[in-house]
file query_28.cif (mmCIF, C-alpha atoms)
data_query
loop_
_atom_site.label_atom_id
_atom_site.label_comp_id
_atom_site.auth_asym_id
_atom_site.auth_seq_id
_atom_site.Cartn_x
_atom_site.Cartn_y
_atom_site.Cartn_z
CA MET A 1127 -5.72 -43.57 42.78
CA ALA A 1128 -2.87 -41.08 42.58
CA HIS A 1129 -3.38 -37.64 44.04
CA HIS A 1130 -2.39 -35.01 41.46
CA LEU A 1131 -0.48 -32.08 42.92
CA LYS A 1132 -0.66 -28.64 41.37
CA ASP A 1133 3.07 -27.93 41.45
CA LYS A 1134 4.71 -31.31 41.75
CA GLU A 1135 8.16 -30.05 40.77
CA ALA A 1136 8.01 -27.25 43.32
CA TYR A 1137 7.09 -29.69 46.10
CA GLN A 1138 9.96 -31.94 45.02
CA ARG A 1139 12.31 -28.95 45.23
CA LEU A 1140 11.03 -28.10 48.73
CA ASN A 1141 11.49 -31.71 49.80
CA TYR A 1142 15.03 -31.76 48.41
CA LEU A 1143 15.99 -28.57 50.27
CA TYR A 1144 14.52 -29.91 53.52
CA GLN A 1145 16.42 -33.19 53.17
CA ALA A 1146 19.62 -31.31 52.27
CA ALA A 1147 19.35 -29.24 55.45
CA HIS A 1148 18.95 -32.43 57.50
CA CYS A 1149 21.93 -34.09 55.79
CA VAL A 1150 24.18 -31.06 56.34
CA LEU A 1151 23.39 -30.97 60.06
CA SER A 1152 23.72 -34.74 60.49
CA GLN A 1153 27.19 -34.78 58.89
CA ASN A 1154 28.49 -31.63 60.57
CA PRO A 1155 26.41 -30.06 63.40
CA ASP A 1156 28.59 -26.92 63.28
CA ASN A 1157 27.43 -26.12 59.74
CA VAL A 1158 24.21 -24.41 60.86
CA GLU A 1159 24.51 -21.53 58.39
CA LEU A 1160 24.29 -23.75 55.30
CA ALA A 1161 21.26 -25.57 56.73
CA ARG A 1162 19.68 -22.21 57.52
CA PHE A 1163 20.28 -21.08 53.93
CA TYR A 1164 18.53 -24.21 52.61
CA CYS A 1165 15.57 -23.68 54.94
CA PHE A 1166 15.35 -19.98 54.05
CA THR A 1167 15.35 -20.89 50.33
CA GLN A 1168 12.64 -23.47 50.97
CA LYS A 1169 10.49 -20.93 52.82
CA THR A 1170 11.01 -18.32 50.09
CA ILE A 1171 9.99 -20.74 47.31
CA ALA A 1172 6.89 -21.83 49.22
CA ARG A 1173 5.88 -18.22 49.83
CA ARG A 1174 6.52 -17.11 46.26
CA LEU A 1175 4.53 -19.98 44.72
CA VAL A 1176 1.86 -19.87 47.48
CA LEU A 1177 2.33 -23.52 48.47
CA ARG A 1178 1.13 -25.03 51.71
CA GLN A 1179 3.69 -27.01 53.64
CA ASP A 1180 2.90 -29.96 55.85
CA PRO A 1181 2.51 -29.06 59.55
CA SER A 1182 5.23 -31.55 60.52
CA VAL A 1183 7.69 -29.61 58.33
CA LYS A 1184 6.58 -26.22 59.67
CA ARG A 1185 7.05 -27.43 63.26
CA THR A 1186 10.72 -28.15 62.60
CA LEU A 1187 11.55 -24.71 61.19
CA CYS A 1188 12.19 -21.57 63.22
CA LYS A 1189 9.90 -18.74 62.14
CA LYS A 1190 12.37 -16.04 63.10
CA CYS A 1191 15.74 -17.20 61.73
CA CYS A 1192 14.66 -20.07 59.40
CA SER A 1193 16.99 -22.61 61.00
CA LEU A 1194 16.12 -26.29 61.23
CA LEU A 1195 15.04 -27.19 64.77
CA ILE A 1196 16.68 -30.49 65.77
CA PRO A 1197 16.54 -31.23 69.52
CA GLY A 1198 20.01 -31.27 71.05
CA VAL A 1199 21.71 -29.78 67.97
CA THR A 1200 19.97 -26.51 67.08
CA ALA A 1201 17.12 -26.48 69.63
CA THR A 1202 16.23 -27.39 73.18
CA THR A 1203 13.01 -29.22 73.97
CA ARG A 1204 11.17 -28.97 77.27
CA GLN A 1205 7.87 -30.43 78.46
CA ARG A 1206 5.62 -27.95 80.30
CA ARG A 1207 2.26 -28.29 82.01
CA LYS A 1208 -0.05 -25.31 82.37
CA ASN A 1209 -2.97 -27.14 83.98
CA LYS A 1210 -3.35 -30.72 85.08
CA LYS A 1211 -4.84 -31.49 81.68
CA ASN A 1212 -2.85 -29.34 79.26
CA ARG A 1213 0.69 -30.38 78.41
CA PHE A 1214 2.92 -28.47 76.03
CA THR A 1215 6.25 -29.01 74.33
CA VAL A 1216 8.39 -25.87 74.22
CA VAL A 1217 11.03 -25.91 71.47
CA ARG A 1218 13.57 -23.08 71.76
CA CYS A 1219 15.92 -22.19 68.90
CA LEU A 1220 19.55 -21.97 70.01
CA SER A 1221 20.43 -19.46 67.28
CA CYS A 1222 17.90 -16.71 67.95
CA GLY A 1223 16.10 -17.77 71.14
CA GLN A 1224 12.63 -17.94 69.55
CA ALA A 1225 10.32 -20.41 71.32
CA LYS A 1226 7.54 -22.53 69.83
CA THR A 1227 4.84 -23.97 72.04
CA LEU A 1228 3.19 -27.13 70.74
CA LEU A 1229 0.20 -28.83 72.32
CA ASN A 1230 0.65 -32.42 73.55
CA ASN A 1231 -2.90 -33.68 73.21
CA PRO A 1232 -3.15 -37.22 71.83
CA ASP A 1233 -6.82 -36.65 70.91
CA HIS A 1234 -6.05 -33.48 68.92
CA CYS A 1235 -6.53 -33.88 65.18
CA LEU A 1236 -5.16 -31.37 62.70
CA TRP A 1237 -7.61 -29.95 60.19
CA VAL A 1238 -5.46 -31.33 57.37
CA ASP A 1239 -5.96 -34.86 58.71
CA ARG A 1240 -9.75 -34.58 58.97
CA PRO A 1241 -11.85 -36.21 56.23
CA GLU A 1242 -13.69 -32.98 55.33
CA ALA A 1243 -10.35 -31.37 54.49
CA GLN A 1244 -9.74 -33.80 51.64
CA LEU A 1245 -10.93 -32.23 48.41
CA GLU A 1246 -11.52 -35.52 46.54
CA GLN A 1247 -13.88 -36.83 49.21
CA GLN A 1248 -15.91 -33.61 49.13
CA LYS A 1249 -16.41 -33.92 45.39
CA GLN A 1250 -17.55 -37.55 45.65
CA SER A 1251 -20.01 -36.93 48.48
CA ASP A 1252 -21.63 -33.86 46.84
CA PRO A 1253 -21.80 -34.53 43.08
CA ALA A 1254 -24.17 -31.68 42.13
CA PRO A 1255 -23.77 -28.67 44.44
CA SER A 1256 -25.30 -26.34 41.84
CA ALA A 1257 -28.68 -28.14 42.06
CA LYS A 1258 -29.33 -26.44 45.40
CA ASN A 1259 -29.13 -22.98 43.86
CA GLN A 1260 -31.37 -23.68 40.85
CA PRO A 1261 -34.92 -22.27 40.98
CA LYS A 1262 -37.78 -24.69 41.37
CA HIS A 1263 -39.75 -25.39 38.22
CA PRO A 1264 -43.45 -24.38 38.20
CA LYS A 1265 -45.98 -27.16 38.43
CA VAL A 1266 -47.25 -28.59 35.19
CA ASP A 1267 -50.97 -28.27 36.10
CA GLY A 1268 -50.70 -24.47 36.04
CA SER A 1269 -50.99 -23.86 39.78
CA GLN A 1270 -48.31 -21.26 40.51
CA SER A 1271 -47.84 -19.10 43.55
CA SER A 1272 -50.09 -16.06 43.84
CA LYS A 1273 -47.35 -13.41 43.54
CA PRO A 1274 -46.22 -14.14 39.96
CA HIS A 1275 -49.86 -14.52 38.86
CA GLU A 1276 -50.72 -11.12 40.32
CA ALA A 1277 -47.73 -9.56 38.61
CA GLN A 1278 -48.85 -10.96 35.25
CA SER A 1279 -52.45 -9.73 35.69
CA SER A 1280 -51.41 -6.21 36.71
CA SER A 1281 -49.04 -5.86 33.80
CA GLY A 1282 -51.76 -6.87 31.33
CA THR A 1283 -54.12 -4.04 32.36
#

call {"tool": "encode", "arguments": {"input": "query_28.cif", "output": "structure tokens"}}
result
Amino acid sequence: MAHHLKDKEAYQRLNYLYQAAHCVLSQNPDNVELARFYCFTQKTIARRLVLRQDPSVKRTLCKKCCSLLIPGVTATTRQRRKNKKNRFTVVRCLSCGQAKTLLNNPDHCLWVDRPEAQLEQQKQSDPAPSAKNQPKHPKVDGSQSSKPHEAQSSSGT
């Protein structure tokens, strides 16, 4: 069963720009400006068309200067520990100095990956959501609640 995307061509364009930025930096690590232009164009298109990007893509882009964050090329990566339990990865952009702190919890599940986030599964599990909001039908034997009966008797007098 194929998942139909709203703007398939736009997502293909975003994917192409992301791959182009990676290719530019892999061939020539000094060509950061062209990769930044591709990432900025990708971010602009996604914002203009109101498209959600995958969290793995958003983690590899700098929010401040829109450069592609590749460890050792355009970013530094450090492992930090705040408590004994909480571990974080700190990714710092070498162009602007902006830092991203990402949680290193193997049990953490993104909301996108949860089953209730999938729209198709929600539709299959709840086929008639409007049935909850429909009023109950009166009983056939004529026994209704006392309030509507009183309203009918008072209006007839």

call {"tool": "residues_around", "arguments": {"input": "query_28.cif", "residues": "Cys1188 in chain A", "least_positions_apart": "5", "cutoff": "9 Å", "atoms": "all atoms listed in the file", "output": "number ranges by chain"}}
result
A: 1193-1195, 1218-1219, 1222, 1224-1226

call {"tool": "write_last_selection", "arguments": {"input": "query_28.cif", "atoms": "C-alpha atoms", "output": "PDB file, in the coordinates of the input"}}
result
ATOM      1  CA  SER A1193      16.990 -22.610  61.000  1.00  0.00           C
ATOM      2  CA  LEU A1194      16.120 -26.290  61.230  1.00  0.00           C
ATOM      3  CA  LEU A1195      15.040 -27.190  64.770  1.00  0.00           C
ATOM      4  CA  ARG A1218      13.570 -23.080  71.760  1.00  0.00           C
ATOM      5  CA  CYS A1219      15.920 -22.190  68.900  1.00  0.00           C
ATOM      6  CA  CYS A1222      17.900 -16.710  67.950  1.00  0.00           C
ATOM      7  CA  GLN A1224      12.630 -17.940  69.550  1.00  0.00           C
ATOM      8  CA  ALA A1225      10.320 -20.410  71.320  1.00  0.00           C
ATOM      9  CA  LYS A1226       7.540 -22.530  69.830  1.00  0.00           C
TER      10      LYS A1226
END

call {"tool": "residues_around", "arguments": {"input": "query_28.cif", "residues": "Leu1228 in chain A", "least_positions_apart": "6", "cutoff": "7 Å", "atoms": "all atoms listed in the file", "output": "list in words"}}
result
Phe1214, Thr1215 and Val1216 of chain A

call {"tool": "resolve_selection", "arguments": {"input": "query_28.cif", "expression": "the PyMOL selection byres ((chain A and resi 1141-1147) around 12)", "output": "MDAnalysis selection string"}}
result
chainID A and resid 1134:1140 1148:1155 1157:1172 1179:1180 1182:1184 1186:1187 1192:1196 1200

call {"tool": "atom_distance", "arguments": {"input": "query_28.cif", "atom1": "CA of Thr1202 in chain A", "atom2": "CA of Asp1233 in chain A"}}
result
24.9 Å

call {"tool": "atom_distance", "arguments": {"input": "query_28.cif", "atom1": "CA of Ser1221 in chain A", "atom2": "CA of Pro1197 in chain A"}}
result
12.6 Å

call {"tool": "atom_distance", "arguments": {"input": "query_28.cif", "atom1": "CA of Cys1235 in chain A", "atom2": "CA of Pro1181 in chain A"}}
result
11.7 Å

call {"tool": "closest_residue", "arguments": {"input": "query_28.cif", "among": "A:Leu1229, A:Leu1175, A:Val1217, A:Leu1236", "to": "Thr1203 in chain A", "atoms": "all atoms listed in the file"}}
result
A:Val1217

call {"tool": "decode", "arguments": {"input": "query_28.cif", "residues": "range 1201-1217 of chain A", "atoms": "all heavy atoms", "output": "CSV table (one decimal), in the first residue's frame"}}
result
chain,number,residue,atom,x,y,z
A,1201,ALA,N,31.2,20.8,11.3
A,1201,ALA,CA,30.7,20.8,12.6
A,1201,ALA,C,31.6,20.0,13.5
A,1201,ALA,O,32.3,19.1,13.0
A,1201,ALA,CB,29.3,20.3,12.7
A,1202,THR,N,31.6,20.3,14.8
A,1202,THR,CA,32.3,19.4,15.8
A,1202,THR,C,31.2,18.7,16.6
A,1202,THR,O,30.1,19.3,16.9
A,1202,THR,CB,33.2,20.3,16.7
A,1202,THR,OG1,32.4,21.2,17.4
A,1202,THR,CG2,34.3,20.9,16.0
A,1203,THR,N,31.5,17.5,17.0
A,1203,THR,CA,30.6,16.7,17.8
A,1203,THR,C,31.2,16.3,19.1
A,1203,THR,O,32.3,15.8,19.1
A,1203,THR,CB,30.1,15.5,17.0
A,1203,THR,OG1,29.7,15.9,15.7
A,1203,THR,CG2,29.1,14.7,17.7
A,1204,ARG,N,30.5,16.6,20.2
A,1204,ARG,CA,31.0,16.2,21.5
A,1204,ARG,C,29.9,15.5,22.3
A,1204,ARG,O,28.7,15.8,22.1
A,1204,ARG,CB,31.4,17.5,22.3
A,1204,ARG,CG,32.5,18.3,21.7
A,1204,ARG,CD,33.9,17.6,21.9
A,1204,ARG,NE,34.9,18.4,21.4
A,1204,ARG,CZ,35.6,18.2,20.3
A,1204,ARG,NH1,35.3,17.2,19.5
A,1204,ARG,NH2,36.6,19.0,19.9
A,1205,GLN,N,30.3,14.5,23.1
A,1205,GLN,CA,29.4,13.8,24.0
A,1205,GLN,C,29.5,14.4,25.4
A,1205,GLN,O,30.6,14.6,25.9
A,1205,GLN,CB,29.8,12.3,24.1
A,1205,GLN,CG,29.7,11.6,22.7
A,1205,GLN,CD,28.3,11.5,22.2
A,1205,GLN,OE1,27.4,11.3,22.9
A,1205,GLN,NE2,28.2,11.7,20.9
A,1206,ARG,N,28.4,14.8,25.9
A,1206,ARG,CA,28.3,15.4,27.3
A,1206,ARG,C,27.3,14.6,28.1
A,1206,ARG,O,26.4,14.0,27.6
A,1206,ARG,CB,27.8,16.9,27.2
A,1206,ARG,CG,28.6,17.8,26.4
A,1206,ARG,CD,29.9,18.2,27.1
A,1206,ARG,NE,30.6,19.1,26.4
A,1206,ARG,CZ,31.9,19.0,26.1
A,1206,ARG,NH1,32.6,18.0,26.6
A,1206,ARG,NH2,32.5,19.9,25.4
A,1207,ARG,N,27.6,14.7,29.4
A,1207,ARG,CA,26.7,14.0,30.4
A,1207,ARG,C,26.3,15.1,31.5
A,1207,ARG,O,27.2,15.6,32.2
A,1207,ARG,CB,27.5,12.9,31.0
A,1207,ARG,CG,26.6,12.1,32.0
A,1207,ARG,CD,27.4,10.9,32.6
A,1207,ARG,NE,27.7,9.9,31.5
A,1207,ARG,CZ,28.3,8.8,31.7
A,1207,ARG,NH1,28.6,8.5,33.0
A,1207,ARG,NH2,28.5,7.9,30.8
A,1208,LYS,N,25.0,15.3,31.6
A,1208,LYS,CA,24.6,16.2,32.6
A,1208,LYS,C,24.4,15.5,34.0
A,1208,LYS,O,24.8,16.0,35.0
A,1208,LYS,CB,23.3,16.9,32.2
A,1208,LYS,CG,23.5,17.8,31.0
A,1208,LYS,CD,22.6,18.9,30.9
A,1208,LYS,CE,22.9,19.8,29.7
A,1208,LYS,NZ,22.2,21.0,29.6
A,1209,ASN,N,23.7,14.4,34.0
A,1209,ASN,CA,23.6,13.6,35.2
A,1209,ASN,C,24.2,12.2,34.8
A,1209,ASN,O,24.8,12.0,33.8
A,1209,ASN,CB,22.1,13.3,35.5
A,1209,ASN,CG,21.4,14.6,35.7
A,1209,ASN,OD1,22.0,15.6,36.1
A,1209,ASN,ND2,20.1,14.6,35.5
A,1210,LYS,N,24.1,11.3,35.8
A,1210,LYS,CA,24.6,9.9,35.5
A,1210,LYS,C,23.7,9.3,34.4
A,1210,LYS,O,24.2,8.4,33.7
A,1210,LYS,CB,24.6,9.1,36.7
A,1210,LYS,CG,25.7,9.6,37.7
A,1210,LYS,CD,25.9,8.6,38.8
A,1210,LYS,CE,27.0,9.0,39.7
A,1210,LYS,NZ,27.3,8.1,40.8
A,1211,LYS,N,22.5,9.7,34.3
A,1211,LYS,CA,21.5,9.0,33.4
A,1211,LYS,C,21.5,9.7,32.0
A,1211,LYS,O,21.4,9.1,31.0
A,1211,LYS,CB,20.1,9.0,34.0
A,1211,LYS,CG,20.0,8.1,35.2
A,1211,LYS,CD,18.6,8.1,35.7
A,1211,LYS,CE,18.4,7.2,36.9
A,1211,LYS,NZ,17.0,7.2,37.4
A,1212,ASN,N,21.5,11.1,32.0
A,1212,ASN,CA,21.3,11.8,30.8
A,1212,ASN,C,22.6,12.1,30.1
A,1212,ASN,O,23.5,12.7,30.6
A,1212,ASN,CB,20.6,13.2,31.1
A,1212,ASN,CG,19.2,13.0,31.7
A,1212,ASN,OD1,18.6,11.9,31.5
A,1212,ASN,ND2,18.7,13.9,32.4
A,1213,ARG,N,22.6,11.6,28.8
A,1213,ARG,CA,23.7,11.9,27.9
A,1213,ARG,C,23.2,12.7,26.8
A,1213,ARG,O,22.1,12.5,26.3
A,1213,ARG,CB,24.3,10.6,27.5
A,1213,ARG,CG,25.0,9.8,28.5
A,1213,ARG,CD,25.6,8.5,28.0
A,1213,ARG,NE,26.2,7.7,29.1
A,1213,ARG,CZ,26.6,6.5,28.9
A,1213,ARG,NH1,26.6,6.0,27.7
A,1213,ARG,NH2,27.2,5.9,29.9
A,1214,PHE,N,24.1,13.6,26.3
A,1214,PHE,CA,23.7,14.5,25.2
A,1214,PHE,C,24.8,14.5,24.2
A,1214,PHE,O,26.0,14.4,24.5
A,1214,PHE,CB,23.5,15.9,25.7
A,1214,PHE,CG,22.3,16.0,26.6
A,1214,PHE,CD1,22.5,16.0,28.0
A,1214,PHE,CD2,21.0,16.2,26.1
A,1214,PHE,CE1,21.4,16.1,28.9
A,1214,PHE,CE2,20.0,16.3,27.0
A,1214,PHE,CZ,20.1,16.2,28.3
A,1215,THR,N,24.5,14.8,23.0
A,1215,THR,CA,25.4,15.0,21.9
A,1215,THR,C,25.3,16.5,21.6
A,1215,THR,O,24.2,17.0,21.3
A,1215,THR,CB,25.1,14.2,20.6
A,1215,THR,OG1,25.1,12.8,21.0
A,1215,THR,CG2,26.1,14.5,19.5
A,1216,VAL,N,26.4,17.2,21.6
A,1216,VAL,CA,26.5,18.6,21.3
A,1216,VAL,C,27.1,18.8,20.0
A,1216,VAL,O,28.3,18.4,19.8
A,1216,VAL,CB,27.2,19.4,22.4
A,1216,VAL,CG1,27.2,20.9,22.0
A,1216,VAL,CG2,26.6,19.2,23.7
A,1217,VAL,N,26.4,19.3,19.0
A,1217,VAL,CA,26.9,19.5,17.6
A,1217,VAL,C,27.0,21.0,17.5
A,1217,VAL,O,26.1,21.8,17.6
A,1217,VAL,CB,25.9,18.9,16.6
A,1217,VAL,CG1,26.5,19.2,15.2
A,1217,VAL,CG2,25.7,17.5,16.8
